[in-house]
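Worksheet: the structure to be examined is printed underneath.
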Amino acid sequence: SVLLPSAGTRFRPLSFEVPKPLFPVAGVPMVQHHIEACAKVPGMKEILLMGFYQPHEALSRFLVSAQQEFKIPIRYLQEYAALGTGGGIYHFRDQILSGGAEAFFVLNADVCSEFPLQEMLEFRQRHGDAHSFVILGTTANRTQALNYGCIVANADTQEVQHYVEKPSTFVSEIINCGIYLFTPAIFQHIGEVFQRNQQELVLEENSNGWQRAEVIRLEQDVFTALAGRGKLYVYKTDGFWSQIKSAGSAIYASRLYLNQYSKSHPERLAQNKPGGPVIRGNVYIHPTASIDSTAVLGPNVSIGEGVTVGAGVRVRESIVLHGASLHDHTCVLNTIVGWDSTIGRWARVEGTPSDPNPNDPYAKIDSETLFRDGRLTPSITILGCSVTIPAEVIILNSIVLPHKELSRSYKNQIIL
């Protein structure tokens with residue numbers, strides 16, 4: 001089961017156009033990376049996507065094409081309310097168990113990862129306990145660990161002894177990646193939380209909390225209680241992993257996936273060819289894009305469907321979404337260019353990367369607040385869909401909402 005994030009508010013203005021899980025990262029919808037990883041696991045029966053999105057035309061189209069491509073049944077289950085990470089799978093437990101599965105994975109959609117699912121299965125088999133649950137963990141640095149679920153495990157057995165979600169003081173540098181391997185027995189533990197929530201609601205009858213019993217968070221409600229009971233283990237990975245919370249973090253995630261493509265999908269990486277554009281580092285170009293031979297792209301660039309790139313254009317560390325058009329000699333750095341947007345000639349559109357510290361192997365991306373001290377934090381520049389940037393202007397560290405036609409240069413602004 002892949003849990004789709006609820007609102008994607010931090011992903012605005014891009015989540016206005018498409019549900020966040022369908023946002024393209026390294027040229028394919030974010031959640032396709034998850035589906036691809038699941039489809040590779042031997043014996044995988046079906047993939048369930050769960051979320052609070054209205055069944056959306058784009059979502060249905062995506063499911064149909066993904067089923068054909070990966071030859072595996074994929075279904076979307078819509079929650080009637082945002083039920084939290086545990087509430088969603090508990091609500092659909094009958095659907096999850098209907099195929100008689102012995103075990104199932106739960107993946108949060110807003111992470112990018114190497115998804116070592118096969119390794120998690122083997123790790124569980126090595127432990128010889130068919131009834132245990134496995135959390136994928138990775139190492140963060142001491143200060144950043146406080147922003148995640150922290151795991152204290154037995155050094156020999158890797159059994160989880162303590163689990164604390166976003167602790168206020170240092171607990172452990174091993175953090176929860178939001179990727180789990182469960183057996184049907186997990187529902188009993190979630191059920192206990194559900195019962196307890198219901199009893200508490202009866203006690204505070206005056207609160208109109210009809211829905212509160214169903215809202216269950218795997219992390220705070222279930223893992224915290226399971227830790228130290230011999231049921232929960234952590235598999236630590238050294239593979240890449242990052243959260244994709246804000247639109248800016250999609251560029252970093254894109255870099256991680258493009259990097260992996262050299263091993264997993266070399267055909268997705270553009271090559272330097274005579275008469276073609278200059279490619280530096282890892283670049284994905286959709287086959288329908290039209291790119292002038294004098295353009296220079298990369299590193300870490302992803303060019304979507306039907307995009308036009310003119311002469312002398314320079315694009316670096318950016319995602320250009322379908323139908324956008326970059327006129328001659330534009331310069332696009334650390335930017336997401338929205339669907340069908342146009343950037344005029346000689347314009348420069350630039351953002352500030354929010355990348356982790358490159359000198360710290362365990363650094364993660366910081367979930368930046370939009371404002372600090374009343375001012376916009378410099379970050380990736382984002383153009384919503386159908387934005388028009390005039391010729392010869394500079395747009396710096398700004399967020400432009402959809403359907404805006406700008407008339408001048410802007411710096412450090414949200415343009416509504």
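Ordering of the structure tokens sets the chain letters (A, B, ...); residue numbers start at 1 within each chain; ligands are numbered from 1 in the order shown.
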Give me the residues near stretch 27-38 of chain A as a ChimeraX atom specification, where near means some atom within 8 Å (using only C-alpha atoms) and where sequence neighbours in that chain fewer than 2 positions away do not count.
/A:2,20-25,40-41,44,47,66,70,107,109-110,112,115,117,284-286,302-304
Could you pull the residues within 10 Å of A:Leu396, counting only C-alpha atoms, minus those fewer than 4 positions along the same chain, as a PDB file with N, CA and C atoms, in the first residue's frame?
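Done, and the output landed in out_6.pdb:
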ATOM      1  N   LEU A 333      17.898  28.556 -13.298  1.00  0.00           N
ATOM      2  CA  LEU A 333      18.725  27.881 -12.295  1.00  0.00           C
ATOM      3  C   LEU A 333      17.916  27.637 -11.025  1.00  0.00           C
ATOM      4  N   ASN A 334      17.996  26.419 -10.461  1.00  0.00           N
ATOM      5  CA  ASN A 334      17.299  26.101  -9.200  1.00  0.00           C
ATOM      6  C   ASN A 334      15.836  26.539  -9.233  1.00  0.00           C
ATOM      7  N   THR A 335      15.151  26.123 -10.273  1.00  0.00           N
ATOM      8  CA  THR A 335      13.773  26.601 -10.493  1.00  0.00           C
ATOM      9  C   THR A 335      12.882  25.453 -10.938  1.00  0.00           C
ATOM     10  N   ARG A 348      16.259  35.886 -16.803  1.00  0.00           N
ATOM     11  CA  ARG A 348      16.997  34.998 -15.898  1.00  0.00           C
ATOM     12  C   ARG A 348      16.074  34.653 -14.739  1.00  0.00           C
ATOM     13  N   VAL A 349      15.834  33.362 -14.529  1.00  0.00           N
ATOM     14  CA  VAL A 349      14.947  32.923 -13.455  1.00  0.00           C
ATOM     15  C   VAL A 349      15.787  32.040 -12.546  1.00  0.00           C
ATOM     16  N   GLU A 350      15.935  32.468 -11.287  1.00  0.00           N
ATOM     17  CA  GLU A 350      16.896  31.768 -10.426  1.00  0.00           C
ATOM     18  C   GLU A 350      16.363  31.637  -9.010  1.00  0.00           C
ATOM     19  N   GLY A 351      16.673  30.497  -8.370  1.00  0.00           N
ATOM     20  CA  GLY A 351      16.312  30.288  -6.974  1.00  0.00           C
ATOM     21  C   GLY A 351      17.553  29.953  -6.166  1.00  0.00           C
ATOM     22  N   THR A 352      17.338  29.719  -4.872  1.00  0.00           N
ATOM     23  CA  THR A 352      18.429  29.306  -3.981  1.00  0.00           C
ATOM     24  C   THR A 352      18.153  27.866  -3.572  1.00  0.00           C
ATOM     25  N   PRO A 378      14.894  32.663   1.304  1.00  0.00           N
ATOM     26  CA  PRO A 378      15.322  32.416  -0.084  1.00  0.00           C
ATOM     27  C   PRO A 378      15.263  30.913  -0.381  1.00  0.00           C
ATOM     28  N   SER A 379      14.581  30.540  -1.454  1.00  0.00           N
ATOM     29  CA  SER A 379      14.484  29.116  -1.771  1.00  0.00           C
ATOM     30  C   SER A 379      14.357  28.955  -3.279  1.00  0.00           C
ATOM     31  N   ILE A 380      14.055  27.716  -3.678  1.00  0.00           N
ATOM     32  CA  ILE A 380      13.824  27.421  -5.089  1.00  0.00           C
ATOM     33  C   ILE A 380      12.789  28.410  -5.640  1.00  0.00           C
ATOM     34  N   THR A 381      13.000  28.884  -6.862  1.00  0.00           N
ATOM     35  CA  THR A 381      11.968  29.708  -7.500  1.00  0.00           C
ATOM     36  C   THR A 381      10.944  28.771  -8.146  1.00  0.00           C
ATOM     37  N   ILE A 382       9.668  29.079  -7.950  1.00  0.00           N
ATOM     38  CA  ILE A 382       8.613  28.220  -8.499  1.00  0.00           C
ATOM     39  C   ILE A 382       7.664  29.068  -9.333  1.00  0.00           C
ATOM     40  N   SER A 409      10.888  42.755 -13.168  1.00  0.00           N
ATOM     41  CA  SER A 409      11.701  41.838 -12.348  1.00  0.00           C
ATOM     42  C   SER A 409      11.165  41.762 -10.933  1.00  0.00           C
ATOM     43  N   TYR A 410      11.404  40.618 -10.268  1.00  0.00           N
ATOM     44  CA  TYR A 410      10.983  40.445  -8.865  1.00  0.00           C
ATOM     45  C   TYR A 410      12.086  39.722  -8.119  1.00  0.00           C
ATOM     46  N   LYS A 411      12.153  39.998  -6.804  1.00  0.00           N
ATOM     47  CA  LYS A 411      13.157  39.335  -5.986  1.00  0.00           C
ATOM     48  C   LYS A 411      12.538  39.044  -4.630  1.00  0.00           C
ATOM     49  N   ASN A 412      12.699  37.790  -4.116  1.00  0.00           N
ATOM     50  CA  ASN A 412      12.205  37.402  -2.782  1.00  0.00           C
ATOM     51  C   ASN A 412      10.732  37.742  -2.563  1.00  0.00           C
ATOM     52  N   GLN A 413       9.880  37.335  -3.490  1.00  0.00           N
ATOM     53  CA  GLN A 413       8.465  37.655  -3.321  1.00  0.00           C
ATOM     54  C   GLN A 413       7.586  36.479  -3.669  1.00  0.00           C
TER      55      GLN A 413
END
Name all residues at most 10 Å from stretch 262-270 of chain A (count only C-alpha atoms; drop same-chain ones fewer than 2 positions away) and give them as a PyMOL selection string.
chain A and resi 26-27+257-260+272-273+276-287+297-298+302
Selected residues, C-alpha atoms, written as an mmCIF file, in the first residue's frame, please.
data_model
loop_
_atom_site.group_PDB
_atom_site.id
_atom_site.type_symbol
_atom_site.label_atom_id
_atom_site.label_comp_id
_atom_site.auth_asym_id
_atom_site.auth_seq_id
_atom_site.Cartn_x
_atom_site.Cartn_y
_atom_site.Cartn_z
ATOM 1 C CA ALA A 26 13.183 12.816 -12.543
ATOM 2 C CA GLY A 27 10.701 12.633 -15.412
ATOM 3 C CA TYR A 257 16.731 9.533 -8.772
ATOM 4 C CA LEU A 258 18.624 10.789 -11.862
ATOM 5 C CA ASN A 259 21.786 9.617 -10.178
ATOM 6 C CA GLN A 260 20.268 6.170 -9.684
ATOM 7 C CA ASN A 272 25.601 14.191 -25.850
ATOM 8 C CA LYS A 273 25.019 13.610 -29.558
ATOM 9 C CA GLY A 276 22.128 17.836 -30.052
ATOM 10 C CA PRO A 277 22.198 20.130 -27.020
ATOM 11 C CA VAL A 278 25.157 20.076 -24.606
ATOM 12 C CA ILE A 279 24.371 17.718 -21.706
ATOM 13 C CA ARG A 280 26.277 18.118 -18.438
ATOM 14 C CA GLY A 281 25.814 15.479 -15.745
ATOM 15 C CA ASN A 282 22.434 13.755 -15.369
ATOM 16 C CA VAL A 283 19.581 15.097 -17.492
ATOM 17 C CA TYR A 284 16.184 13.629 -18.377
ATOM 18 C CA ILE A 285 14.512 14.871 -21.578
ATOM 19 C CA HIS A 286 11.044 13.698 -22.584
ATOM 20 C CA PRO A 287 11.126 12.356 -26.183
ATOM 21 C CA LEU A 297 21.392 21.508 -19.885
ATOM 22 C CA GLY A 298 22.460 20.021 -16.572
ATOM 23 C CA SER A 302 14.379 17.225 -16.028
#
Would you mind listing what lies within 9 Å of A:Val222 as a count of residues only, with only C-alpha atoms counted and same-chain residues fewer than 3 positions away left out?
12
Which of stretch 81-191 of chain A DSSP labels alpha helix (DSSP H), written as a PyMOL selection string:
chain A and resi 84-91+93-97+117-127+186-191
Extract the full set of strand (DSSP E or B) residues from stretch 19-204 of chain A according to DSSP on the backbone, and format it as a PyMOL selection string.
chain A and resi 24-25+28-29+47-51+74-78+104-108+111-113+133-139+149-153+159-165+174-182
For A:Asp292, which residue out of A:His329, A:Arg10, A:Lys166, A:Arg124 is the nearest one, using only C-alpha atoms?
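Ranking A:His329, A:Arg10, A:Lys166, A:Arg124 by distance to A:Asp292, first place goes to A:His329.
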In terms of the shortest atom-to-atom distance over only C-alpha atoms, which of A:Tyr53, A:Trp241, A:Tyr90, A:Trp346 is closest to A:Gln78?
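Closest to A:Gln78, using only C-alpha atoms: A:Tyr53.
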May I ask which of the residues A:Ser354, A:Leu3, A:His56, A:Asn359 is the closest one to A:Ser246, counting only C-alpha atoms?
A:Ser354
Got a sec: who's within 10 Å of A:Met50, counting only C-alpha atoms, leaving out chain neighbours fewer than 2 positions off, as a ChimeraX atom specification?
/A:1-6,47-48,52-53,75-79,85,88-89,92,108-109
